[in-house]
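Asks: Data: final26.txt, compact mmCIF, C-alpha atoms.
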```txt
# COMPACT_ATOMS: atom_id res chain seq x y z
CA MET A 1 141.04 98.95 82.12
CA ARG A 2 141.36 102.54 80.92
CA ARG A 3 142.12 101.31 77.40
CA HIS A 4 138.92 99.27 77.31
CA LEU A 5 136.77 102.13 78.64
CA ASP A 6 138.12 104.50 75.97
CA ARG A 7 136.99 102.30 73.10
CA PRO A 8 134.31 103.87 70.85
CA LEU A 9 131.74 101.13 71.45
CA THR A 10 132.16 100.99 75.24
CA PRO A 11 129.12 103.22 76.05
CA TYR A 12 126.98 101.20 73.62
CA TYR A 13 127.82 97.85 75.22
CA LEU A 14 127.64 99.23 78.76
CA LEU A 15 124.15 100.60 78.12
CA LEU A 16 122.97 97.35 76.54
CA GLY A 17 124.44 95.17 79.29
CA ALA A 18 123.34 97.28 82.28
CA THR A 19 119.81 97.73 80.92
CA ALA A 20 119.41 94.01 80.20
CA LEU A 21 120.71 93.02 83.64
CA LEU A 22 118.47 95.50 85.48
CA LEU A 23 115.48 94.30 83.49
CA ALA A 24 116.28 90.65 84.28
CA ILE A 25 116.74 91.43 87.98
CA GLY A 26 113.47 93.36 87.91
CA LEU A 27 111.49 90.46 86.43
CA VAL A 28 112.88 88.03 89.00
CA MET A 29 112.24 90.40 91.90
CA VAL A 30 108.71 91.30 90.75
CA LEU A 31 107.92 87.58 90.61
CA SER A 32 109.30 87.09 94.12
CA ALA A 33 107.97 90.26 95.76
CA SER A 34 104.46 90.01 94.26
CA SER A 35 103.80 86.29 94.68
CA VAL A 36 101.99 86.58 98.02
CA ASP A 37 99.94 89.61 96.97
CA GLY A 38 99.07 88.00 93.65
CA PHE A 39 97.86 84.79 95.32
CA GLU A 40 95.82 86.60 97.99
CA LYS A 41 94.11 89.05 95.63
CA HIS A 42 93.95 87.13 92.35
CA GLY A 43 94.49 83.47 93.24
CA ASN A 44 97.65 83.32 91.13
CA SER A 45 101.16 83.84 92.48
CA TYR A 46 102.37 84.70 88.98
CA TYR A 47 99.68 87.34 88.34
CA TRP A 48 101.83 90.49 88.63
CA ALA A 49 104.92 88.84 87.14
CA LEU A 50 103.02 87.79 84.02
CA LYS A 51 101.62 91.31 83.61
CA GLN A 52 105.13 92.73 83.96
CA LEU A 53 106.40 90.23 81.37
CA MET A 54 103.61 91.39 79.05
CA TRP A 55 104.80 94.99 79.41
CA VAL A 56 108.36 93.90 78.66
CA VAL A 57 107.13 92.21 75.47
CA VAL A 58 105.38 95.47 74.53
CA ALA A 59 108.36 97.65 75.46
CA PHE A 60 111.09 95.72 73.62
CA PRO A 61 109.84 96.40 70.06
CA CYS A 62 109.19 100.04 71.00
CA ALA A 63 112.75 100.37 72.34
CA TRP A 64 114.16 98.71 69.20
CA VAL A 65 112.23 101.14 67.00
CA ALA A 66 113.55 104.01 69.14
CA THR A 67 117.13 103.02 68.29
CA LYS A 68 116.29 103.43 64.58
CA ILE A 69 114.30 106.69 64.59
CA PRO A 70 115.97 109.45 62.53
CA LEU A 71 116.80 112.59 64.49
CA ARG A 72 114.60 114.77 62.30
CA THR A 73 111.58 112.54 62.96
CA LEU A 74 112.33 112.39 66.68
CA ARG A 75 112.55 116.15 66.98
CA PHE A 76 109.32 116.56 65.03
CA LEU A 77 107.55 114.10 67.37
CA ALA A 78 108.74 115.95 70.49
CA TRP A 79 106.14 118.70 70.06
CA PRO A 80 102.97 116.59 69.51
CA GLY A 81 104.31 114.19 72.17
CA LEU A 82 104.33 116.98 74.74
CA LEU A 83 100.81 118.02 73.73
CA VAL A 84 99.56 114.45 74.12
CA ALA A 85 101.16 114.24 77.58
CA VAL A 86 99.49 117.48 78.70
CA VAL A 87 96.09 116.32 77.44
CA MET A 88 96.48 112.97 79.20
CA LEU A 89 97.40 114.71 82.47
CA ALA A 90 94.35 116.97 82.18
CA LEU A 91 92.08 113.98 81.49
CA THR A 92 93.02 112.41 84.83
CA GLN A 93 90.83 115.06 86.48
CA THR A 94 87.80 114.07 84.39
CA GLY A 95 85.60 111.00 84.49
CA LEU A 96 88.41 108.99 82.89
CA GLY A 97 90.66 109.60 85.90
CA VAL A 98 91.27 106.78 88.37
CA GLU A 99 92.22 107.32 92.02
CA VAL A 100 94.99 105.11 93.39
CA ASN A 101 96.26 105.41 96.99
CA GLY A 102 94.59 108.78 97.39
CA ASN A 103 96.11 110.30 94.23
CA LYS A 104 93.99 110.84 91.13
CA ASN A 105 96.88 110.56 88.69
CA TRP A 106 95.92 107.48 86.66
CA LEU A 107 93.94 107.26 83.44
CA GLY A 108 91.55 104.41 82.67
CA LEU A 109 91.82 103.31 79.03
CA GLY A 110 89.60 100.26 78.59
CA PRO A 111 91.11 97.30 80.47
CA PHE A 112 94.35 99.20 81.14
CA GLN A 113 95.35 101.92 83.55
CA VAL A 114 98.22 104.22 82.61
CA GLN A 115 100.01 106.95 84.53
CA PRO A 116 100.33 109.96 82.20
CA SER A 117 103.02 111.57 84.35
CA GLU A 118 105.47 108.84 83.25
CA VAL A 119 104.83 109.72 79.61
CA ALA A 120 105.09 113.42 80.50
CA LYS A 121 108.60 113.01 81.92
CA PHE A 122 109.87 111.50 78.69
CA ALA A 123 108.00 114.01 76.52
CA MET A 124 109.32 116.94 78.53
CA VAL A 125 112.94 115.78 78.18
CA LEU A 126 112.67 115.50 74.39
CA TRP A 127 110.79 118.78 74.05
CA CYS A 128 113.27 120.70 76.23
CA ALA A 129 116.17 119.21 74.26
CA ASP A 130 114.62 120.33 70.97
CA VAL A 131 113.84 123.84 72.23
CA TYR A 132 117.33 124.42 73.61
CA ALA A 133 119.00 122.94 70.52
CA ARG A 134 117.03 125.38 68.33
CA LYS A 135 117.81 128.35 70.59
CA ASP A 136 121.50 127.56 71.10
CA LYS A 137 122.76 130.95 69.88
CA LEU A 138 120.24 132.80 72.05
CA LEU A 139 120.98 131.07 75.34
CA GLY A 140 123.18 133.93 76.55
CA SER A 141 119.96 135.73 77.47
CA TRP A 142 118.17 134.67 80.65
CA TRP A 143 114.86 135.30 78.88
CA HIS A 144 115.56 132.63 76.26
CA LEU A 145 116.82 130.30 78.99
CA MET A 146 113.50 130.48 80.80
CA ILE A 147 110.95 130.97 78.00
CA PRO A 148 109.11 128.80 77.02
CA VAL A 149 110.63 125.94 79.04
CA ILE A 150 109.86 127.15 82.57
CA PRO A 151 106.17 128.02 81.94
CA VAL A 152 105.56 124.69 80.19
CA ALA A 153 107.39 122.75 82.91
CA GLY A 154 105.34 124.66 85.48
CA LEU A 155 102.12 123.72 83.69
CA ILE A 156 103.01 120.03 83.59
CA THR A 157 104.15 120.03 87.23
CA GLY A 158 100.96 121.83 88.23
CA LEU A 159 98.80 119.22 86.49
CA VAL A 160 100.70 116.49 88.34
CA LEU A 161 100.17 118.30 91.65
CA VAL A 162 96.44 118.63 90.97
CA GLY A 163 96.38 114.84 90.96
CA GLY A 164 98.06 114.84 94.38
CA ASP A 165 101.40 113.31 93.31
CA LEU A 166 104.05 115.41 95.05
CA GLY A 167 106.80 112.84 94.45
CA THR A 168 106.43 112.89 90.67
CA ALA A 169 106.21 116.68 90.75
CA LEU A 170 109.60 116.80 92.49
CA VAL A 171 111.06 114.50 89.80
CA MET A 172 109.69 116.88 87.15
CA PHE A 173 111.46 119.71 88.92
CA ALA A 174 114.70 117.70 89.04
CA ILE A 175 114.47 117.06 85.28
CA THR A 176 113.89 120.76 84.56
CA LEU A 177 116.71 121.82 86.85
CA GLY A 178 119.02 119.24 85.30
CA MET A 179 118.26 120.46 81.78
CA LEU A 180 119.01 124.03 82.86
CA TRP A 181 122.33 122.88 84.35
CA VAL A 182 123.25 121.08 81.11
CA ILE A 183 122.80 124.23 79.02
CA GLY A 184 124.82 126.32 81.49
CA VAL A 185 122.37 128.35 83.57
CA PRO A 186 124.13 130.69 86.08
CA ALA A 187 124.40 129.44 89.67
CA ARG A 188 122.31 132.28 91.10
CA LEU A 189 119.30 131.11 89.09
CA PHE A 190 119.80 127.59 90.45
CA VAL A 191 119.82 128.84 94.03
CA GLY A 192 116.68 130.88 93.44
CA ALA A 193 114.86 127.99 91.77
CA VAL A 194 115.80 125.49 94.48
CA SER A 195 114.75 127.90 97.24
CA LEU A 196 111.41 128.61 95.59
CA VAL A 197 110.59 124.96 95.00
CA SER A 198 111.71 123.97 98.51
CA VAL A 199 109.31 126.48 100.06
CA ALA A 200 106.50 125.32 97.75
CA ALA A 201 107.18 121.64 98.52
CA LEU A 202 107.12 122.26 102.29
CA TYR A 203 103.85 124.15 101.96
CA LEU A 204 102.26 121.38 99.91
CA ALA A 205 103.53 118.75 102.33
CA ALA A 206 102.14 120.62 105.31
CA SER A 207 98.75 120.96 103.59
CA SER A 208 98.22 117.18 103.68
CA ASP A 209 98.18 115.19 106.92
CA GLU A 210 99.38 112.05 105.10
CA ARG A 211 102.33 113.82 103.45
CA LEU A 212 103.22 115.60 106.70
CA ASN A 213 103.27 112.31 108.61
CA ARG A 214 105.57 110.79 105.98
CA ILE A 215 108.00 113.69 106.16
CA THR A 216 108.09 113.86 109.97
CA SER A 217 108.39 110.09 110.44
CA PHE A 218 110.94 109.06 107.78
CA ALA A 219 113.98 110.02 109.90
CA ASP A 220 112.83 107.71 112.71
CA PRO A 221 110.15 105.36 111.38
CA PHE A 222 110.23 103.21 114.52
CA LYS A 223 109.02 106.15 116.62
CA ASP A 224 105.53 105.64 115.16
CA PHE A 225 106.07 102.15 113.85
CA GLN A 226 102.42 101.05 113.98
CA SER A 227 101.20 104.04 111.98
CA SER A 228 103.10 106.45 109.69
CA GLY A 229 106.42 104.58 110.11
CA TRP A 230 105.03 101.16 109.18
CA GLN A 231 106.17 101.03 105.55
CA ALA A 232 109.57 102.65 106.06
CA GLY A 233 110.20 100.60 109.21
CA HIS A 234 109.49 97.27 107.53
CA GLY A 235 111.63 98.35 104.59
CA ILE A 236 114.56 98.88 106.94
CA LEU A 237 113.90 95.55 108.69
CA GLY A 238 113.96 93.78 105.35
CA MET A 239 117.21 95.44 104.27
CA ALA A 240 118.86 94.78 107.65
CA SER A 241 117.89 91.10 107.76
CA GLY A 242 119.40 90.38 104.34
CA GLY A 243 122.98 90.38 105.55
CA LEU A 244 125.82 90.10 103.06
CA PHE A 245 124.32 87.65 100.54
CA GLY A 246 120.64 87.64 101.53
CA LYS A 247 118.18 84.94 102.47
CA GLY A 248 117.77 83.72 98.91
CA ILE A 249 115.31 84.49 96.14
CA GLY A 250 111.75 83.92 97.35
CA ALA A 251 112.70 83.83 101.03
CA SER A 252 111.62 87.35 102.00
CA GLN A 253 109.48 87.55 105.14
CA GLN A 254 108.46 91.20 104.75
CA LYS A 255 106.46 90.51 101.59
CA TRP A 256 104.03 88.37 103.60
CA GLY A 257 101.69 91.28 104.29
CA ASN A 258 104.05 93.45 106.34
CA LEU A 259 105.50 95.60 103.57
CA PRO A 260 103.01 97.64 101.50
CA GLU A 261 103.88 98.10 97.81
CA ALA A 262 106.50 95.35 98.02
CA HIS A 263 106.63 94.83 94.24
CA THR A 264 106.44 98.52 93.30
CA ASP A 265 107.84 101.35 95.42
CA PHE A 266 109.60 99.12 97.98
CA ILE A 267 110.95 96.38 95.76
CA PHE A 268 114.50 97.46 96.68
CA ALA A 269 113.77 96.41 100.29
CA VAL A 270 112.75 92.91 99.15
CA LEU A 271 115.83 92.79 96.91
CA GLY A 272 118.04 93.68 99.89
CA GLU A 273 116.40 91.03 102.04
CA GLU A 274 116.69 88.25 99.47
CA LEU A 275 119.97 89.16 97.73
CA GLY A 276 121.68 90.99 100.58
CA LEU A 277 124.29 93.72 100.37
CA ALA A 278 125.81 92.07 97.29
CA GLY A 279 122.53 92.35 95.38
CA THR A 280 121.86 95.95 96.34
CA LEU A 281 125.42 96.99 95.42
CA LEU A 282 125.05 95.23 92.06
CA VAL A 283 121.91 97.27 91.32
CA LEU A 284 123.65 100.49 92.35
CA VAL A 285 126.64 99.68 90.11
CA LEU A 286 124.31 99.01 87.17
CA PHE A 287 122.57 102.37 87.60
CA LEU A 288 125.95 104.10 87.87
CA THR A 289 127.01 102.27 84.70
CA ILE A 290 124.01 103.64 82.81
CA ALA A 291 124.73 107.13 84.13
CA TYR A 292 128.41 106.92 83.18
CA ALA A 293 127.75 105.56 79.69
CA GLY A 294 124.93 108.03 79.08
CA LEU A 295 127.02 111.01 80.12
CA ARG A 296 129.83 109.82 77.83
CA VAL A 297 127.39 109.71 74.93
CA ALA A 298 126.18 113.22 75.81
CA MET A 299 129.69 114.66 76.07
CA GLN A 300 130.85 113.07 72.80
CA ALA A 301 127.74 114.06 70.83
CA GLU A 302 128.25 116.71 68.18
CA ASN A 303 124.51 117.22 67.69
CA LEU A 304 123.08 119.52 70.39
CA PHE A 305 119.71 117.77 70.47
CA VAL A 306 121.40 114.40 71.09
CA ARG A 307 123.53 115.94 73.83
CA TYR A 308 120.61 117.56 75.66
CA ALA A 309 118.21 114.63 75.21
CA THR A 310 120.75 112.08 76.45
CA ALA A 311 121.67 114.20 79.47
CA GLY A 312 117.98 114.72 80.27
CA ILE A 313 117.23 110.99 80.11
CA VAL A 314 120.19 110.23 82.39
CA ILE A 315 119.05 112.90 84.87
CA TRP A 316 115.49 111.56 84.83
CA LEU A 317 116.41 107.91 85.48
CA THR A 318 119.16 108.73 87.97
CA ALA A 319 116.88 111.06 89.97
CA HIS A 320 114.24 108.31 90.05
CA ALA A 321 116.72 105.72 91.31
CA ILE A 322 118.23 108.04 93.94
CA ILE A 323 114.82 109.04 95.31
CA ASN A 324 113.52 105.46 95.43
CA ILE A 325 116.62 104.02 97.10
CA GLY A 326 116.82 106.97 99.51
CA MET A 327 113.16 106.39 100.37
CA VAL A 328 113.71 102.69 101.13
CA LEU A 329 116.81 103.47 103.24
CA ALA A 330 114.80 106.11 105.20
CA LEU A 331 117.09 108.85 103.94
CA LEU A 332 114.14 110.53 102.18
CA PRO A 333 110.39 110.65 102.87
CA VAL A 334 108.16 107.97 101.35
CA ILE A 335 106.77 109.72 98.27
CA GLY A 336 105.77 106.83 96.02
CA ILE A 337 108.52 106.71 93.39
CA PRO A 338 109.26 103.31 91.70
CA LEU A 339 112.73 101.98 90.94
CA PRO A 340 113.41 102.28 87.17
CA LEU A 341 113.43 98.98 85.22
CA VAL A 342 113.07 96.99 88.45
CA SER A 343 109.72 97.92 90.03
CA TYR A 344 106.43 96.62 88.65
CA GLY A 345 104.54 98.95 86.33
CA GLY A 346 104.10 99.20 82.58
CA SER A 347 103.40 102.94 82.67
CA SER A 348 106.95 103.54 83.87
CA LEU A 349 108.71 100.58 82.21
CA VAL A 350 107.71 101.35 78.61
CA PRO A 351 108.85 105.02 78.58
CA GLU A 352 112.05 104.09 80.43
CA LEU A 353 112.99 101.36 77.97
CA VAL A 354 112.13 103.55 74.98
CA ALA A 355 114.25 106.36 76.44
CA LEU A 356 117.18 103.99 76.95
CA GLY A 357 116.62 102.70 73.42
CA LEU A 358 117.13 106.25 72.17
CA VAL A 359 120.37 106.62 74.13
CA ILE A 360 121.61 103.24 72.86
CA GLY A 361 120.81 104.39 69.33
CA PHE A 362 122.71 107.64 69.93
CA ALA A 363 125.69 105.67 71.27
CA ARG A 364 125.72 103.43 68.21
CA SER A 365 125.39 106.38 65.82
CA GLU A 366 128.35 108.30 67.26
CA PRO A 367 130.86 108.63 64.35
CA ASN A 368 133.69 106.59 65.90
CA ALA A 369 131.29 103.91 67.16
CA ALA A 370 129.50 103.72 63.80
CA GLY A 371 132.84 103.35 62.02
CA GLU A 372 133.90 100.55 64.36
CA LEU A 373 130.60 98.73 63.82
CA ARG A 374 131.03 98.98 60.02
CA ARG A 375 134.57 97.62 60.30
CA ARG A 376 133.38 94.67 62.39
CA ARG A 377 130.52 93.88 60.03
CA SER A 378 132.92 93.96 57.11
CA ALA A 379 135.35 91.67 58.94
CA ARG A 380 132.56 89.17 59.75
CA LYS A 381 131.35 89.23 56.15
CA THR A 382 134.86 88.53 54.90
CA GLN A 383 135.31 85.72 57.43
CA ARG A 384 132.05 84.07 56.37
CA ALA A 385 133.16 84.26 52.73
CA VAL A 386 136.49 82.67 53.65
CA ASN A 387 134.74 79.90 55.59
CA ALA A 388 132.47 79.25 52.61
CA GLY A 389 135.46 79.04 50.26
CA ALA A 390 134.46 82.08 48.16
CA VAL A 391 137.63 83.92 49.14
CA PRO A 392 141.01 82.12 49.22
CA ARG A 393 142.79 82.02 52.53
CA ARG A 394 145.99 84.01 52.83
CA TRP A 395 148.93 82.04 54.15
CA SER A 396 151.69 83.90 55.89
```
What do you get writing this file as structure tokens?

Replies:
Amino acid sequence: MRRHLDRPLTPYYLLLGATALLLAIGLVMVLSASSVDGFEKHGNSYYWALKQLMWVVVAFPCAWVATKIPLRTLRFLAWPGLLVAVVMLALTQTGLGVEVNGNKNWLGLGPFQVQPSEVAKFAMVLWCADVYARKDKLLGSWWHLMIPVIPVAGLITGLVLVGGDLGTALVMFAITLGMLWVIGVPARLFVGAVSLVSVAALYLAASSDERLNRITSFADPFKDFQSSGWQAGHGILGMASGGLFGKGIGASQQKWGNLPEAHTDFIFAVLGEELGLAGTLLVLVLFLTIAYAGLRVAMQAENLFVRYATAGIVIWLTAHAIINIGMVLALLPVIGIPLPLVSYGGSSLVPELVALGLVIGFARSEPNAAGELRRRRSARKTQRAVNAGAVPRRWS
């Protein structure tokens, strides 16, 4: 087992396999979890599943292109990409902004609605990686550690908070904190940052009755089951009723109007009900596989930008998965965070697949992995020539 894991191409194949499996599971679960809602609201049980499939078709070519982008081009695009993300976030507070579930954090672009904060997460990771790679020799100074990353991260987080999305703002903070950890920020700065953000998050939560109810009810959702504990309570009921192997795909009872956001934020609850403990553990193992393979790529990378960007992408997706699963299991408040690659939503799916495409490209470009791929291509070319009779067989 250890010998197989140490092979140069192991991270590449693990990333490809885990991403493909999570995407396949996501398509099946979106179809199952959204069928009732799609039929009731749009007269078509396949409505949300077909839209998700459309986003997959859009995302695949983008992810493939991402595996081919030269590093110089990628680093150049990080700066205008961040600017575009900031402009999009600001536009949500104009006439182009669309309010969804009380948060004005969506942007209406013709027939489509996009969530700029999802683009901003990706853009911020790439931009931070480029900044820290450029400033590598200056990172012994706390000033260069903080400037300009912290002010820019604060601006983006502030724009997200203006839209009312505390959950996404906390993910932004997790990404920033993770990037600081990767470059080696002293522990005392971590403690100070966590303390400051914790106080700010509690204040923001207390300033909204809806957020306060979510925070006070998540530990015991059945205490106020008919009100603030409704979503979390039905999520737990779905998970608990799934047993070891679940009720079977399509057999969920909670999706029949009891569980709000069944195909988005709470799709993990439907997955647990239909696929049981085995299905939920499979999803957890796949996310851990992506994290393991991504961190291996980061640790083996000689290029600092590749190292920081890969680590940032892993932190972003892992934080998303942990928060979503913790939310469904009532270990964390319900803050509206989707499950990467599994939940419905093109605004999140496209950036996530493109980001994973970058990491897959980094894994394939690692010197040892690239050499192994060249050797295998050469061996296949020789074998085809032998099969065609162009090269005589060697008899031993």

Asks: Compile the contact shell of stretch 104-110 of chain A as an mmCIF file with C-alpha atoms, in the frame of the given file: residues with an atom at most 8 Å away, counting only C-alpha atoms, same-chain residues fewer than 2 positions apart removed.

Replies:
```cif
data_model
loop_
_atom_site.group_PDB
_atom_site.id
_atom_site.type_symbol
_atom_site.label_atom_id
_atom_site.label_comp_id
_atom_site.auth_asym_id
_atom_site.auth_seq_id
_atom_site.Cartn_x
_atom_site.Cartn_y
_atom_site.Cartn_z
ATOM 1 C CA MET A 88 96.480 112.970 79.200
ATOM 2 C CA LEU A 89 97.400 114.710 82.470
ATOM 3 C CA LEU A 91 92.080 113.980 81.490
ATOM 4 C CA THR A 92 93.020 112.410 84.830
ATOM 5 C CA GLN A 93 90.830 115.060 86.480
ATOM 6 C CA LEU A 96 88.410 108.990 82.890
ATOM 7 C CA GLY A 97 90.660 109.600 85.900
ATOM 8 C CA VAL A 98 91.270 106.780 88.370
ATOM 9 C CA GLU A 99 92.220 107.320 92.020
ATOM 10 C CA VAL A 100 94.990 105.110 93.390
ATOM 11 C CA GLY A 102 94.590 108.780 97.390
ATOM 12 C CA PHE A 112 94.350 99.200 81.140
ATOM 13 C CA GLN A 113 95.350 101.920 83.550
ATOM 14 C CA VAL A 114 98.220 104.220 82.610
ATOM 15 C CA GLN A 115 100.010 106.950 84.530
ATOM 16 C CA PRO A 116 100.330 109.960 82.200
ATOM 17 C CA SER A 117 103.020 111.570 84.350
ATOM 18 C CA VAL A 160 100.700 116.490 88.340
ATOM 19 C CA GLY A 163 96.380 114.840 90.960
ATOM 20 C CA GLY A 164 98.060 114.840 94.380
ATOM 21 C CA ASP A 165 101.400 113.310 93.310
#
```

Asks: Would you be able to write out as a PDB file with C-alpha atoms, in the frame of the given file which residues have an atom within 12 Å of (116.8, 102.4, 100.1) in the file's coordinates, counting only C-alpha atoms?

Replies:
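Final output, out_23.pdb:
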```
ATOM      1  CA  PHE A 218     110.940 109.060 107.780  1.00  0.00           C
ATOM      2  CA  ALA A 232     109.570 102.650 106.060  1.00  0.00           C
ATOM      3  CA  GLY A 233     110.200 100.600 109.210  1.00  0.00           C
ATOM      4  CA  HIS A 234     109.490  97.270 107.530  1.00  0.00           C
ATOM      5  CA  GLY A 235     111.630  98.350 104.590  1.00  0.00           C
ATOM      6  CA  ILE A 236     114.560  98.880 106.940  1.00  0.00           C
ATOM      7  CA  LEU A 237     113.900  95.550 108.690  1.00  0.00           C
ATOM      8  CA  GLY A 238     113.960  93.780 105.350  1.00  0.00           C
ATOM      9  CA  MET A 239     117.210  95.440 104.270  1.00  0.00           C
ATOM     10  CA  ALA A 240     118.860  94.780 107.650  1.00  0.00           C
ATOM     11  CA  ASP A 265     107.840 101.350  95.420  1.00  0.00           C
ATOM     12  CA  PHE A 266     109.600  99.120  97.980  1.00  0.00           C
ATOM     13  CA  ILE A 267     110.950  96.380  95.760  1.00  0.00           C
ATOM     14  CA  PHE A 268     114.500  97.460  96.680  1.00  0.00           C
ATOM     15  CA  ALA A 269     113.770  96.410 100.290  1.00  0.00           C
ATOM     16  CA  VAL A 270     112.750  92.910  99.150  1.00  0.00           C
ATOM     17  CA  LEU A 271     115.830  92.790  96.910  1.00  0.00           C
ATOM     18  CA  GLY A 272     118.040  93.680  99.890  1.00  0.00           C
ATOM     19  CA  GLU A 273     116.400  91.030 102.040  1.00  0.00           C
ATOM     20  CA  LEU A 277     124.290  93.720 100.370  1.00  0.00           C
ATOM     21  CA  THR A 280     121.860  95.950  96.340  1.00  0.00           C
ATOM     22  CA  LEU A 281     125.420  96.990  95.420  1.00  0.00           C
ATOM     23  CA  VAL A 283     121.910  97.270  91.320  1.00  0.00           C
ATOM     24  CA  LEU A 284     123.650 100.490  92.350  1.00  0.00           C
ATOM     25  CA  HIS A 320     114.240 108.310  90.050  1.00  0.00           C
ATOM     26  CA  ALA A 321     116.720 105.720  91.310  1.00  0.00           C
ATOM     27  CA  ILE A 322     118.230 108.040  93.940  1.00  0.00           C
ATOM     28  CA  ILE A 323     114.820 109.040  95.310  1.00  0.00           C
ATOM     29  CA  ASN A 324     113.520 105.460  95.430  1.00  0.00           C
ATOM     30  CA  ILE A 325     116.620 104.020  97.100  1.00  0.00           C
ATOM     31  CA  GLY A 326     116.820 106.970  99.510  1.00  0.00           C
ATOM     32  CA  MET A 327     113.160 106.390 100.370  1.00  0.00           C
ATOM     33  CA  VAL A 328     113.710 102.690 101.130  1.00  0.00           C
ATOM     34  CA  LEU A 329     116.810 103.470 103.240  1.00  0.00           C
ATOM     35  CA  ALA A 330     114.800 106.110 105.200  1.00  0.00           C
ATOM     36  CA  LEU A 331     117.090 108.850 103.940  1.00  0.00           C
ATOM     37  CA  LEU A 332     114.140 110.530 102.180  1.00  0.00           C
ATOM     38  CA  PRO A 333     110.390 110.650 102.870  1.00  0.00           C
ATOM     39  CA  VAL A 334     108.160 107.970 101.350  1.00  0.00           C
ATOM     40  CA  ILE A 337     108.520 106.710  93.390  1.00  0.00           C
ATOM     41  CA  PRO A 338     109.260 103.310  91.700  1.00  0.00           C
ATOM     42  CA  LEU A 339     112.730 101.980  90.940  1.00  0.00           C
TER      43      LEU A 339
END
```

Asks: When distances are computed from only C-alpha atoms, which of A:Leu126, A:Met54, A:Ala291, A:Ala311 shows the smallest separation from A:Pro80?

Replies: A:Leu126

Asks: So, counting only C-alpha atoms, which residue among A:Ser348, A:Gln231, A:Thr382, A:Thr67 is closest to A:Asn258?

Replies: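 When distances to A:Asn258 are compared using only C-alpha atoms, the smallest one comes from A:Gln231.
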
Asks: Would you work out the distance separating atom CA of A:Gly81 from atom CA of A:Gln300, expressed in Å to one decimal?

Replies: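 Atom-to-atom, atom CA of A:Gly81 and atom CA of A:Gln300 are spaced 26.6 Å apart.
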
Asks: So what do you get for atom CA of A:Pro260 versus atom CA of A:Pro111, distance-wise?

Replies: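 So the answer is 24.2 Å.
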
Asks: Find the residues around A:Ala319 up to 10 Å (all atoms listed in the file counted), leave out those fewer than 3 positions away in its own chain, and share them as a PyMOL selection string.

Replies: chain A and resi 170-172+174-175+178+313-316+322-324+340

Asks: Just to confirm, what's the straight-line distance from atom CA of A:Pro367 to atom CA of A:Pro70 in Å (one decimal)?

Replies: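 Distance between the two atoms: 15.0 Å.
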
Asks: Fewer than 3 positions away in the same chain doesn't count, so skip those; otherwise give me all residues within 12 Å of A:Leu373, counting only C-alpha atoms, as a short mmCIF file (atom, residue, chain, number, x, y, z; two decimals) with C-alpha atoms, in the frame of the given file.

Replies:
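Resulting contents of out.cif:
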```
data_model
loop_
_atom_site.label_atom_id
_atom_site.label_comp_id
_atom_site.auth_asym_id
_atom_site.auth_seq_id
_atom_site.Cartn_x
_atom_site.Cartn_y
_atom_site.Cartn_z
CA ARG A 7 136.99 102.30 73.10
CA PRO A 8 134.31 103.87 70.85
CA LEU A 9 131.74 101.13 71.45
CA THR A 10 132.16 100.99 75.24
CA TYR A 12 126.98 101.20 73.62
CA TYR A 13 127.82 97.85 75.22
CA ALA A 363 125.69 105.67 71.27
CA ARG A 364 125.72 103.43 68.21
CA SER A 365 125.39 106.38 65.82
CA GLU A 366 128.35 108.30 67.26
CA PRO A 367 130.86 108.63 64.35
CA ASN A 368 133.69 106.59 65.90
CA ALA A 369 131.29 103.91 67.16
CA ALA A 370 129.50 103.72 63.80
CA ARG A 376 133.38 94.67 62.39
CA ARG A 377 130.52 93.88 60.03
CA SER A 378 132.92 93.96 57.11
CA ALA A 379 135.35 91.67 58.94
CA ARG A 380 132.56 89.17 59.75
#
```

Asks: Kindly indicate which residue among A:Leu15, A:Met146, A:Ile183, A:Ala59 lies nearest to A:Gly361, using all atoms listed in the file for the distances.

Replies: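 Looking at the shortest contact to A:Gly361, the residue is A:Leu15.
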
Asks: Taking 3 positions as the minimum chain separation for residues in the same chain, which residues sit within 12 Å of A:Leu14 when counting all atoms listed in the file? Answer as a compact mmCIF listing (two decimals) with C-alpha atoms, in the frame of the given file.

Replies:
```txt
# COMPACT_ATOMS: atom_id res chain seq x y z
CA HIS A 4 138.92 99.27 77.31
CA LEU A 5 136.77 102.13 78.64
CA ARG A 7 136.99 102.30 73.10
CA PRO A 8 134.31 103.87 70.85
CA LEU A 9 131.74 101.13 71.45
CA THR A 10 132.16 100.99 75.24
CA PRO A 11 129.12 103.22 76.05
CA GLY A 17 124.44 95.17 79.29
CA ALA A 18 123.34 97.28 82.28
CA THR A 19 119.81 97.73 80.92
CA ALA A 20 119.41 94.01 80.20
CA LEU A 21 120.71 93.02 83.64
CA LEU A 22 118.47 95.50 85.48
CA VAL A 285 126.64 99.68 90.11
CA LEU A 286 124.31 99.01 87.17
CA PHE A 287 122.57 102.37 87.60
CA LEU A 288 125.95 104.10 87.87
CA THR A 289 127.01 102.27 84.70
CA ILE A 290 124.01 103.64 82.81
CA ALA A 291 124.73 107.13 84.13
CA TYR A 292 128.41 106.92 83.18
CA ALA A 293 127.75 105.56 79.69
CA GLY A 294 124.93 108.03 79.08
CA LEU A 295 127.02 111.01 80.12
CA ARG A 296 129.83 109.82 77.83
CA VAL A 297 127.39 109.71 74.93
CA LEU A 356 117.18 103.99 76.95
CA VAL A 359 120.37 106.62 74.13
CA ILE A 360 121.61 103.24 72.86
CA ALA A 363 125.69 105.67 71.27
CA ARG A 364 125.72 103.43 68.21
```
